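Student: Sending over my_file.pdb (PDB, C-alpha atoms and all ligand atoms).
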```pdb
ATOM      1  CA  MET E   1     154.577 133.483 262.059
ATOM      2  CA  LYS E   2     155.916 132.463 258.680
ATOM      3  CA  THR E   3     157.203 134.671 255.888
ATOM      4  CA  GLU E   4     155.339 134.856 252.559
ATOM      5  CA  GLU E   5     157.761 132.356 251.009
ATOM      6  CA  GLU E   6     157.470 129.933 253.931
ATOM      7  CA  THR E   7     153.689 130.188 253.796
ATOM      8  CA  TYR E   8     153.695 129.430 250.086
ATOM      9  CA  SER E   9     155.893 126.399 250.623
ATOM     10  CA  GLU E  10     153.636 125.170 253.453
ATOM     11  CA  VAL E  11     150.377 125.414 251.492
ATOM     12  CA  GLN E  12     152.031 123.697 248.537
ATOM     13  CA  LYS E  13     152.950 120.738 250.743
ATOM     14  CA  ILE E  14     149.485 120.505 252.279
ATOM     15  CA  PHE E  15     147.662 120.754 248.976
ATOM     16  CA  LYS E  16     149.712 117.971 247.393
ATOM     17  CA  LYS E  17     148.070 115.597 249.876
ATOM     18  CA  LEU E  18     144.765 116.088 248.030
ATOM     19  CA  GLY E  19     146.193 114.412 244.942
ATOM     20  CA  LYS E  20     147.325 115.643 241.595
ATOM     21  CA  GLU E  21     145.380 118.907 241.527
ATOM     22  CA  GLU E  22     147.433 121.540 239.737
ATOM     23  CA  GLY E  23     147.571 124.909 241.472
ATOM     24  CA  ILE E  24     146.300 127.785 239.383
ATOM     25  CA  SER E  25     147.652 130.575 241.618
ATOM     26  CA  ASN E  26     151.199 131.877 241.442
ATOM     27  CA  SER E  27     153.665 131.918 244.331
ATOM     28  CA  GLU E  28     152.043 135.111 245.683
ATOM     29  CA  GLY E  29     148.676 133.376 246.005
ATOM     30  CA  LYS E  30     147.241 135.260 243.045
ATOM     31  CA  ILE E  31     145.517 134.089 239.873
ATOM     32  CA  ILE E  32     146.707 136.450 237.138
ATOM     33  CA  ARG E  33     145.046 136.218 233.731
ATOM     34  CA  LEU E  34     144.571 138.819 230.975
ATOM     35  CA  ASN E  35     146.531 141.375 233.008
ATOM     36  CA  GLY E  36     144.110 141.180 235.897
ATOM     37  CA  ARG E  37     143.760 139.425 239.229
ATOM     38  CA  TRP E  38     141.006 136.827 239.461
ATOM     39  CA  VAL E  39     139.484 134.632 242.098
ATOM     40  CA  MET E  40     137.469 131.484 241.733
ATOM     41  CA  PHE E  41     134.297 130.668 243.563
ATOM     42  CA  ASP E  42     132.552 127.353 243.871
ATOM     43  CA  THR E  43     129.128 127.297 242.214
ATOM     44  CA  SER E  44     127.814 125.449 245.239
ATOM     45  CA  TYR E  45     127.700 128.825 247.013
ATOM     46  CA  LEU E  46     127.872 131.505 244.318
ATOM     47  CA  PRO E  47     125.951 133.112 242.836
ATOM     48  CA  PHE E  48     122.985 131.191 244.284
ATOM     49  CA  GLY E  49     124.186 131.761 247.863
ATOM     50  CA  ALA E  50     124.334 135.532 247.348
ATOM     51  CA  LEU E  51     120.808 135.524 245.938
ATOM     52  CA  LYS E  52     119.530 133.426 248.830
ATOM     53  CA  GLU E  53     121.069 135.630 251.532
ATOM     54  CA  LEU E  54     119.931 138.844 249.858
ATOM     55  CA  ASP E  55     116.471 137.384 249.374
ATOM     56  CA  GLU E  56     116.135 136.546 253.067
ATOM     57  CA  LEU E  57     117.277 140.004 254.077
ATOM     58  CA  LEU E  58     115.611 142.155 251.458
ATOM     59  CA  GLY E  59     113.025 140.134 249.526
ATOM     60  CA  PRO E  60     112.554 140.021 245.742
ATOM     61  CA  VAL E  61     114.750 143.105 245.229
ATOM     62  CA  SER E  62     117.598 140.581 245.616
ATOM     63  CA  ARG E  63     117.116 139.671 241.943
ATOM     64  CA  THR E  64     117.520 143.284 240.905
ATOM     65  CA  ILE E  65     120.665 143.572 243.011
ATOM     66  CA  LEU E  66     122.200 140.517 241.367
ATOM     67  CA  TYR E  67     121.153 141.869 237.955
ATOM     68  CA  ARG E  68     122.737 145.239 238.705
ATOM     69  CA  MET E  69     125.957 143.570 239.867
ATOM     70  CA  GLY E  70     125.963 141.701 236.566
ATOM     71  CA  GLU E  71     125.363 144.913 234.625
ATOM     72  CA  ARG E  72     128.410 146.533 236.181
ATOM     73  CA  CYS E  73     130.411 143.391 235.465
ATOM     74  CA  GLY E  74     129.248 143.426 231.823
ATOM     75  CA  ARG E  75     130.441 147.003 231.324
ATOM     76  CA  VAL E  76     133.862 146.141 232.772
ATOM     77  CA  ILE E  77     134.117 143.033 230.584
ATOM     78  CA  TYR E  78     133.252 144.953 227.409
ATOM     79  CA  ASP E  79     135.668 147.771 228.215
ATOM     80  CA  ARG E  80     138.501 145.274 228.730
ATOM     81  CA  TYR E  81     138.403 144.376 225.037
ATOM     82  CA  ALA E  82     137.387 147.804 223.766
ATOM     83  CA  ASN E  83     140.399 149.289 225.562
ATOM     84  CA  LEU E  84     142.641 146.817 223.738
ATOM     85  CA  GLY E  85     141.504 148.477 220.522
ATOM     86  CA  PHE E  86     139.153 145.812 219.193
ATOM     87  CA  ASP E  87     136.127 146.875 217.160
ATOM     88  CA  ARG E  88     132.617 146.367 218.545
ATOM     89  CA  ASP E  89     131.911 143.004 216.948
ATOM     90  CA  SER E  90     135.313 141.624 217.908
ATOM     91  CA  CYS E  91     134.650 142.664 221.521
ATOM     92  CA  LEU E  92     131.536 140.462 221.542
ATOM     93  CA  LYS E  93     133.470 137.543 220.078
ATOM     94  CA  PHE E  94     136.214 137.900 222.684
ATOM     95  CA  ILE E  95     133.646 138.068 225.462
ATOM     96  CA  ALA E  96     132.065 134.821 224.243
ATOM     97  CA  ALA E  97     135.505 133.193 224.037
ATOM     98  CA  ALA E  98     136.405 134.475 227.511
ATOM     99  CA  ALA E  99     133.188 132.954 228.850
ATOM    100  CA  TRP E 100     134.610 129.601 227.803
ATOM    101  CA  TYR E 101     138.090 130.460 229.100
ATOM    102  CA  PHE E 102     136.836 131.374 232.566
ATOM    103  CA  GLY E 103     134.304 128.574 232.797
ATOM    104  CA  TRP E 104     131.102 130.596 232.568
ATOM    105  CA  GLY E 105     129.727 128.298 229.864
ATOM    106  CA  LEU E 106     129.607 128.180 226.067
ATOM    107  CA  VAL E 107     128.108 131.300 224.502
ATOM    108  CA  ASP E 108     126.555 131.663 221.071
ATOM    109  CA  PHE E 109     124.706 134.743 219.873
ATOM    110  CA  GLU E 110     122.949 136.266 216.901
ATOM    111  CA  ILE E 111     122.140 139.890 216.312
ATOM    112  CA  LYS E 112     118.913 140.826 214.537
ATOM    113  CA  GLU E 113     117.654 144.233 213.521
ATOM    114  CA  ASP E 114     115.567 144.915 216.625
ATOM    115  CA  HIS E 115     116.916 142.416 219.141
ATOM    116  CA  ALA E 116     119.698 140.002 219.948
ATOM    117  CA  LYS E 117     119.511 136.400 221.045
ATOM    118  CA  VAL E 118     122.153 134.788 223.231
ATOM    119  CA  ARG E 119     122.347 131.133 224.077
ATOM    120  CA  ILE E 120     124.522 129.737 226.873
ATOM    121  CA  TYR E 121     125.198 126.053 227.202
ATOM    122  CA  ASN E 122     126.046 125.020 230.772
ATOM    123  CA  SER E 123     125.700 128.467 232.348
ATOM    124  CA  PHE E 124     127.538 128.477 235.683
ATOM    125  CA  GLU E 125     124.665 130.392 237.251
ATOM    126  CA  ALA E 126     122.079 127.858 236.091
ATOM    127  CA  GLU E 127     124.193 125.066 237.523
ATOM    128  CA  SER E 128     124.639 126.965 240.804
ATOM    129  CA  ASN E 129     120.838 127.208 240.961
ATOM    130  CA  ILE E 130     120.434 123.507 240.183
ATOM    131  CA  ILE E 131     122.978 122.413 242.827
ATOM    132  CA  ASN E 132     121.130 124.398 245.494
ATOM    133  CA  ASN E 133     117.545 124.561 244.312
ATOM    134  CA  GLY E 134     117.090 121.712 241.844
ATOM    135  CA  ILE E 135     115.236 122.213 238.581
ATOM    136  CA  ASN E 136     112.686 124.802 239.611
ATOM    137  CA  PRO E 137     110.360 127.156 237.690
ATOM    138  CA  GLU E 138     111.536 129.979 239.990
ATOM    139  CA  ASN E 139     115.129 129.699 238.812
ATOM    140  CA  SER E 140     116.681 132.257 236.483
ATOM    141  CA  CYS E 141     120.187 133.508 235.670
ATOM    142  CA  HIS E 142     119.744 137.009 237.127
ATOM    143  CA  PHE E 143     123.452 137.846 237.273
ATOM    144  CA  ILE E 144     124.099 136.753 233.684
ATOM    145  CA  LYS E 145     121.043 138.682 232.457
ATOM    146  CA  GLY E 146     122.622 141.752 234.017
ATOM    147  CA  VAL E 147     126.000 140.986 232.438
ATOM    148  CA  MET E 148     124.315 140.938 229.028
ATOM    149  CA  ALA E 149     122.509 144.211 229.680
ATOM    150  CA  GLY E 150     125.872 145.762 230.625
ATOM    151  CA  VAL E 151     127.712 144.350 227.623
ATOM    152  CA  TRP E 152     124.982 145.347 225.169
ATOM    153  CA  GLY E 153     124.696 148.796 226.684
ATOM    154  CA  ARG E 154     128.346 149.340 225.816
ATOM    155  CA  TYR E 155     128.046 147.598 222.441
ATOM    156  CA  SER E 156     124.974 149.471 221.185
ATOM    157  CA  GLY E 157     124.561 152.396 223.551
ATOM    158  CA  GLY E 158     121.408 153.034 225.555
ATOM    159  CA  ASP E 159     119.715 150.694 227.975
ATOM    160  CA  TRP E 160     118.795 147.109 227.255
ATOM    161  CA  PHE E 161     116.181 144.875 228.761
ATOM    162  CA  VAL E 162     117.058 141.196 229.020
ATOM    163  CA  THR E 163     114.671 138.270 229.475
ATOM    164  CA  GLU E 164     115.501 134.598 229.759
ATOM    165  CA  PRO E 165     112.698 132.547 228.139
ATOM    166  CA  LYS E 166     114.697 129.333 228.513
ATOM    167  CA  CYS E 167     116.911 128.329 231.450
ATOM    168  CA  LYS E 168     118.756 125.121 232.119
ATOM    169  CA  ALA E 169     117.803 125.529 235.788
ATOM    170  CA  ARG E 170     114.120 125.429 234.782
ATOM    171  CA  GLY E 171     114.602 122.207 232.846
ATOM    172  CA  ASP E 172     115.525 123.550 229.392
ATOM    173  CA  GLU E 173     118.481 122.185 227.472
ATOM    174  CA  TYR E 174     120.283 125.552 227.621
ATOM    175  CA  CYS E 175     119.722 129.116 228.750
ATOM    176  CA  GLU E 176     118.459 131.525 226.124
ATOM    177  CA  PHE E 177     118.301 135.272 226.507
ATOM    178  CA  ILE E 178     116.488 137.913 224.461
ATOM    179  CA  LEU E 179     117.897 141.431 224.507
ATOM    180  CA  LYS E 180     115.749 144.373 223.485
ATOM    181  CA  PRO E 181     116.180 148.122 223.850
ATOM    182  CA  ASP E 182     114.706 149.238 227.170
ATOM    183  CA  LEU E 183     112.320 151.902 225.876
ATOM    184  CA  LYS E 184     110.906 152.617 229.333
ATOM    185  CA  SER E 185     114.218 153.901 230.638
ATOM    186  CA  LYS E 186     114.405 156.475 227.833
ATOM    187  CA  THR E 187     111.147 158.221 228.756
TER     188      THR E 187
HETATM  189 ZN    ZN R   1     119.668 130.209 232.988
END
```
Can you turn what I pasted into structure tokens?
Tutor:
Amino acid sequence: MKTEEETYSEVQKIFKKLGKEEGISNSEGKIIRLNGRWVMFDTSYLPFGALKELDELLGPVSRTILYRMGERCGRVIYDRYANLGFDRDSCLKFIAAAAWYFGWGLVDFEIKEDHAKVRIYNSFEAESNIINNGINPENSCHFIKGVMAGVWGRYSGGDWFVTEPKCKARGDEYCEFILKPDLKSKT
């Protein structure tokens, strides 16, 4: 077997045969950004593939599972910026900028008195749905809805309910999300 260094050198040589693709991992095989380790997944299998497998095993609860995974992710994302000492509104701006940085899509948002509206151009989840399922009225960005619920829960406190009246994977130009306080969960 090869050492770590020999393995690195070997994969470098092999990958060069694919063309001019720049590696994004370091010599340890890790992608390090913003003080954390990241991995990349191809949208041809995630998150649509996770939804599909969960759906076959468990039924419609699969959407709730994906949503809940997103919610956890949203809390972690918000805390990353909050822990750096940014104020609440700056955290939201950094999250939107990071969505661009990590290829999730282009995020715009506006905050009203009783709700918030978020628009995502080229949502990775919508495109994962389109690659696998075409434009379909059943499609929705369940994971991203959860991410927003998690982010807004940290931003405003309490629980938030997120709907997606427009989705690129249902034929709309972009995905649009409405966030409202989840009054049911407070009773
Ligand atoms: Zn969508």
Student: Near Lys117 of chain E, within 12 Å and counting only C-alpha atoms, which residues show up once chain neighbours fewer than 2 positions away are dropped, as JSON, numbers by chain?
Tutor: {"E": [107, 108, 109, 110, 111, 112, 113, 114, 115, 119, 120, 145, 148, 152, 161, 162, 163, 164, 165, 166, 175, 176, 177, 178, 179, 180]}
Student: Can you list, as a ChimeraX atom specification, the residues that the PyMOL selection byres (((not hetatm)) within 10 of (chain R and resi 1)) selects here?
Tutor: /E:119-130,139-145,164-177
Student: Tell me which protein, DNA and RNA residues are within 10 Å of Asn132 of chain E, counting all atoms listed in the file, leaving out same-chain ones fewer than 3 positions away, and put them as JSON, numbers by chain.
Tutor: {"E": [43, 44, 45, 46, 48, 49, 52, 127, 128, 129, 135]}
Student: Between E:Ile95, E:Ser156, E:Val147, E:Arg68, which one has atoms that come closest to Tyr81 of chain E, using all atoms listed in the file?
Tutor: E:Ile95
Student: Given the choices E:Ala50, E:Ile77, E:Gly70, E:Gly146, which gets closest to Ala98 of chain E if the distance is worked out from only C-alpha atoms?
Tutor: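 Among E:Ala50, E:Ile77, E:Gly70, E:Gly146, it is E:Ile77 that comes nearest to Ala98 of chain E.
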Student: Segment 3-12 of chain E: which residues within 10 Å, counting all atoms listed in the file, same-chain residues fewer than 5 positions away excluded, as a ChimeraX atom specification?
Tutor: /E:17,23,26-29
Student: Deliver the residues from the most recent selection as a file, using C-alpha atoms, as a JSON list (two decimals), in the frame of the given file.
Tutor:
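Below you can see selection07.json, which holds the result:
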```json
[["chain", "number", "residue", "atom", "x", "y", "z"],
["E", 17, "LYS", "CA", 148.07, 115.60, 249.88],
["E", 23, "GLY", "CA", 147.57, 124.91, 241.47],
["E", 26, "ASN", "CA", 151.20, 131.88, 241.44],
["E", 27, "SER", "CA", 153.66, 131.92, 244.33],
["E", 28, "GLU", "CA", 152.04, 135.11, 245.68],
["E", 29, "GLY", "CA", 148.68, 133.38, 246.00]]
```
Student: Would you mind reading off the distance between atom CA of Asp89 of chain E and atom CA of Tyr155 of chain E, one decimal, in Å?
Tutor: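 About the pair atom CA of Asp89 of chain E and atom CA of Tyr155 of chain E: they are 8.1 Å apart.
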Student: Can you list, as JSON, numbers by chain, every protein, DNA or RNA residue that comes within 12 Å of segment 82-84 of chain E when you count only C-alpha atoms, leaving out same-chain residues fewer than 3 positions away?
Tutor: {"E": [34, 35, 75, 76, 77, 78, 79, 87, 88, 89, 90, 91, 92, 93, 94, 95, 151, 154, 155]}
Student: Write out, as a short mmCIF file (atom, residue, chain, number, x, y, z; two decimals), in the frame of the given file, the residues just selected, with C-alpha atoms.
Tutor:
```
data_model
loop_
_atom_site.label_atom_id
_atom_site.label_comp_id
_atom_site.auth_asym_id
_atom_site.auth_seq_id
_atom_site.Cartn_x
_atom_site.Cartn_y
_atom_site.Cartn_z
CA LEU E 34 144.57 138.82 230.98
CA ASN E 35 146.53 141.38 233.01
CA ARG E 75 130.44 147.00 231.32
CA VAL E 76 133.86 146.14 232.77
CA ILE E 77 134.12 143.03 230.58
CA TYR E 78 133.25 144.95 227.41
CA ASP E 79 135.67 147.77 228.22
CA ASP E 87 136.13 146.88 217.16
CA ARG E 88 132.62 146.37 218.54
CA ASP E 89 131.91 143.00 216.95
CA SER E 90 135.31 141.62 217.91
CA CYS E 91 134.65 142.66 221.52
CA LEU E 92 131.54 140.46 221.54
CA LYS E 93 133.47 137.54 220.08
CA PHE E 94 136.21 137.90 222.68
CA ILE E 95 133.65 138.07 225.46
CA VAL E 151 127.71 144.35 227.62
CA ARG E 154 128.35 149.34 225.82
CA TYR E 155 128.05 147.60 222.44
#
```
Student: Please indicate the distance in Å from atom CA of Leu58 of chain E to atom CA of Gly158 of chain E, rounded to one decimal place.
Tutor: 28.7 Å
Student: Between atom CA of Gly36 of chain E and atom CA of Gly74 of chain E, what is the distance in Å, rounded to a tenth?
Tutor: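 Here the two named atoms are 15.6 Å from each other.
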Student: Convert the output of the PyMOL selection byres (((chain E and resi 159) around 7) and not hetatm) on the shown file into explicit residues, formatted as a PyMOL selection string.
Tutor: chain E and resi 153+157-158+160-161+181-182+185
Student: Rebuild segment 137-166 of chain E so that it carries N, CA and C atoms, then output the result as a JSON list (two decimals), in the frame of the given file.
Tutor:
```json
[["chain", "number", "residue", "atom", "x", "y", "z"],
["E", 137, "PRO", "N", 110.87, 126.08, 238.56],
["E", 137, "PRO", "CA", 110.36, 127.16, 237.69],
["E", 137, "PRO", "C", 110.73, 128.56, 238.18],
["E", 138, "GLU", "N", 111.14, 128.67, 239.44],
["E", 138, "GLU", "CA", 111.54, 129.98, 239.99],
["E", 138, "GLU", "C", 112.95, 130.39, 239.56],
["E", 139, "ASN", "N", 113.72, 129.43, 239.12],
["E", 139, "ASN", "CA", 115.13, 129.70, 238.81],
["E", 139, "ASN", "C", 115.29, 130.60, 237.59],
["E", 140, "SER", "N", 116.32, 131.44, 237.64],
["E", 140, "SER", "CA", 116.68, 132.26, 236.48],
["E", 140, "SER", "C", 118.11, 132.74, 236.69],
["E", 141, "CYS", "N", 118.80, 133.03, 235.58],
["E", 141, "CYS", "CA", 120.19, 133.51, 235.67],
["E", 141, "CYS", "C", 120.19, 135.03, 235.77],
["E", 142, "HIS", "N", 119.88, 135.56, 236.96],
["E", 142, "HIS", "CA", 119.74, 137.01, 237.13],
["E", 142, "HIS", "C", 121.06, 137.75, 236.89],
["E", 143, "PHE", "N", 122.14, 137.19, 237.42],
["E", 143, "PHE", "CA", 123.45, 137.85, 237.27],
["E", 143, "PHE", "C", 123.84, 137.91, 235.80],
["E", 144, "ILE", "N", 123.69, 136.79, 235.10],
["E", 144, "ILE", "CA", 124.10, 136.75, 233.68],
["E", 144, "ILE", "C", 123.21, 137.67, 232.83],
["E", 145, "LYS", "N", 121.91, 137.74, 233.17],
["E", 145, "LYS", "CA", 121.04, 138.68, 232.46],
["E", 145, "LYS", "C", 121.60, 140.10, 232.59],
["E", 146, "GLY", "N", 122.04, 140.43, 233.79],
["E", 146, "GLY", "CA", 122.62, 141.75, 234.02],
["E", 146, "GLY", "C", 123.91, 141.94, 233.22],
["E", 147, "VAL", "N", 124.74, 140.90, 233.19],
["E", 147, "VAL", "CA", 126.00, 140.99, 232.44],
["E", 147, "VAL", "C", 125.68, 141.34, 230.98],
["E", 148, "MET", "N", 124.66, 140.68, 230.43],
["E", 148, "MET", "CA", 124.32, 140.94, 229.03],
["E", 148, "MET", "C", 123.81, 142.36, 228.84],
["E", 149, "ALA", "N", 123.00, 142.83, 229.78],
["E", 149, "ALA", "CA", 122.51, 144.21, 229.68],
["E", 149, "ALA", "C", 123.69, 145.18, 229.70],
["E", 150, "GLY", "N", 124.69, 144.89, 230.54],
["E", 150, "GLY", "CA", 125.87, 145.76, 230.62],
["E", 150, "GLY", "C", 126.71, 145.71, 229.36],
["E", 151, "VAL", "N", 126.91, 144.51, 228.85],
["E", 151, "VAL", "CA", 127.71, 144.35, 227.62],
["E", 151, "VAL", "C", 127.01, 145.04, 226.46],
["E", 152, "TRP", "N", 125.70, 144.79, 226.32],
["E", 152, "TRP", "CA", 124.98, 145.35, 225.17],
["E", 152, "TRP", "C", 124.81, 146.86, 225.28],
["E", 153, "GLY", "N", 124.75, 147.34, 226.50],
["E", 153, "GLY", "CA", 124.70, 148.80, 226.68],
["E", 153, "GLY", "C", 125.95, 149.44, 226.12],
["E", 154, "ARG", "N", 127.09, 148.81, 226.36],
["E", 154, "ARG", "CA", 128.35, 149.34, 225.82],
["E", 154, "ARG", "C", 128.42, 149.13, 224.30],
["E", 155, "TYR", "N", 127.94, 147.97, 223.86],
["E", 155, "TYR", "CA", 128.05, 147.60, 222.44],
["E", 155, "TYR", "C", 127.18, 148.51, 221.57],
["E", 156, "SER", "N", 125.95, 148.76, 222.03],
["E", 156, "SER", "CA", 124.97, 149.47, 221.18],
["E", 156, "SER", "C", 124.58, 150.83, 221.72],
["E", 157, "GLY", "N", 125.01, 151.16, 222.92],
["E", 157, "GLY", "CA", 124.56, 152.40, 223.55],
["E", 157, "GLY", "C", 123.15, 152.22, 224.11],
["E", 158, "GLY", "N", 122.76, 153.09, 224.99],
["E", 158, "GLY", "CA", 121.41, 153.03, 225.56],
["E", 158, "GLY", "C", 121.25, 151.90, 226.56],
["E", 159, "ASP", "N", 120.02, 151.72, 226.98],
["E", 159, "ASP", "CA", 119.72, 150.69, 227.98],
["E", 159, "ASP", "C", 119.05, 149.51, 227.31],
["E", 160, "TRP", "N", 119.32, 148.34, 227.83],
["E", 160, "TRP", "CA", 118.80, 147.11, 227.26],
["E", 160, "TRP", "C", 118.06, 146.32, 228.31],
["E", 161, "PHE", "N", 116.99, 145.69, 227.87],
["E", 161, "PHE", "CA", 116.18, 144.88, 228.76],
["E", 161, "PHE", "C", 116.39, 143.41, 228.36],
["E", 162, "VAL", "N", 116.70, 142.58, 229.33],
["E", 162, "VAL", "CA", 117.06, 141.20, 229.02],
["E", 162, "VAL", "C", 116.07, 140.24, 229.69],
["E", 163, "THR", "N", 115.52, 139.33, 228.91],
["E", 163, "THR", "CA", 114.67, 138.27, 229.48],
["E", 163, "THR", "C", 115.33, 136.92, 229.20],
["E", 164, "GLU", "N", 114.92, 135.93, 229.93],
["E", 164, "GLU", "CA", 115.50, 134.60, 229.76],
["E", 164, "GLU", "C", 114.36, 133.58, 229.58],
["E", 165, "PRO", "N", 113.83, 133.47, 228.35],
["E", 165, "PRO", "CA", 112.70, 132.55, 228.14],
["E", 165, "PRO", "C", 113.03, 131.08, 228.38],
["E", 166, "LYS", "N", 114.30, 130.72, 228.22],
["E", 166, "LYS", "CA", 114.70, 129.33, 228.51],
["E", 166, "LYS", "C", 115.85, 129.34, 229.51]]
```
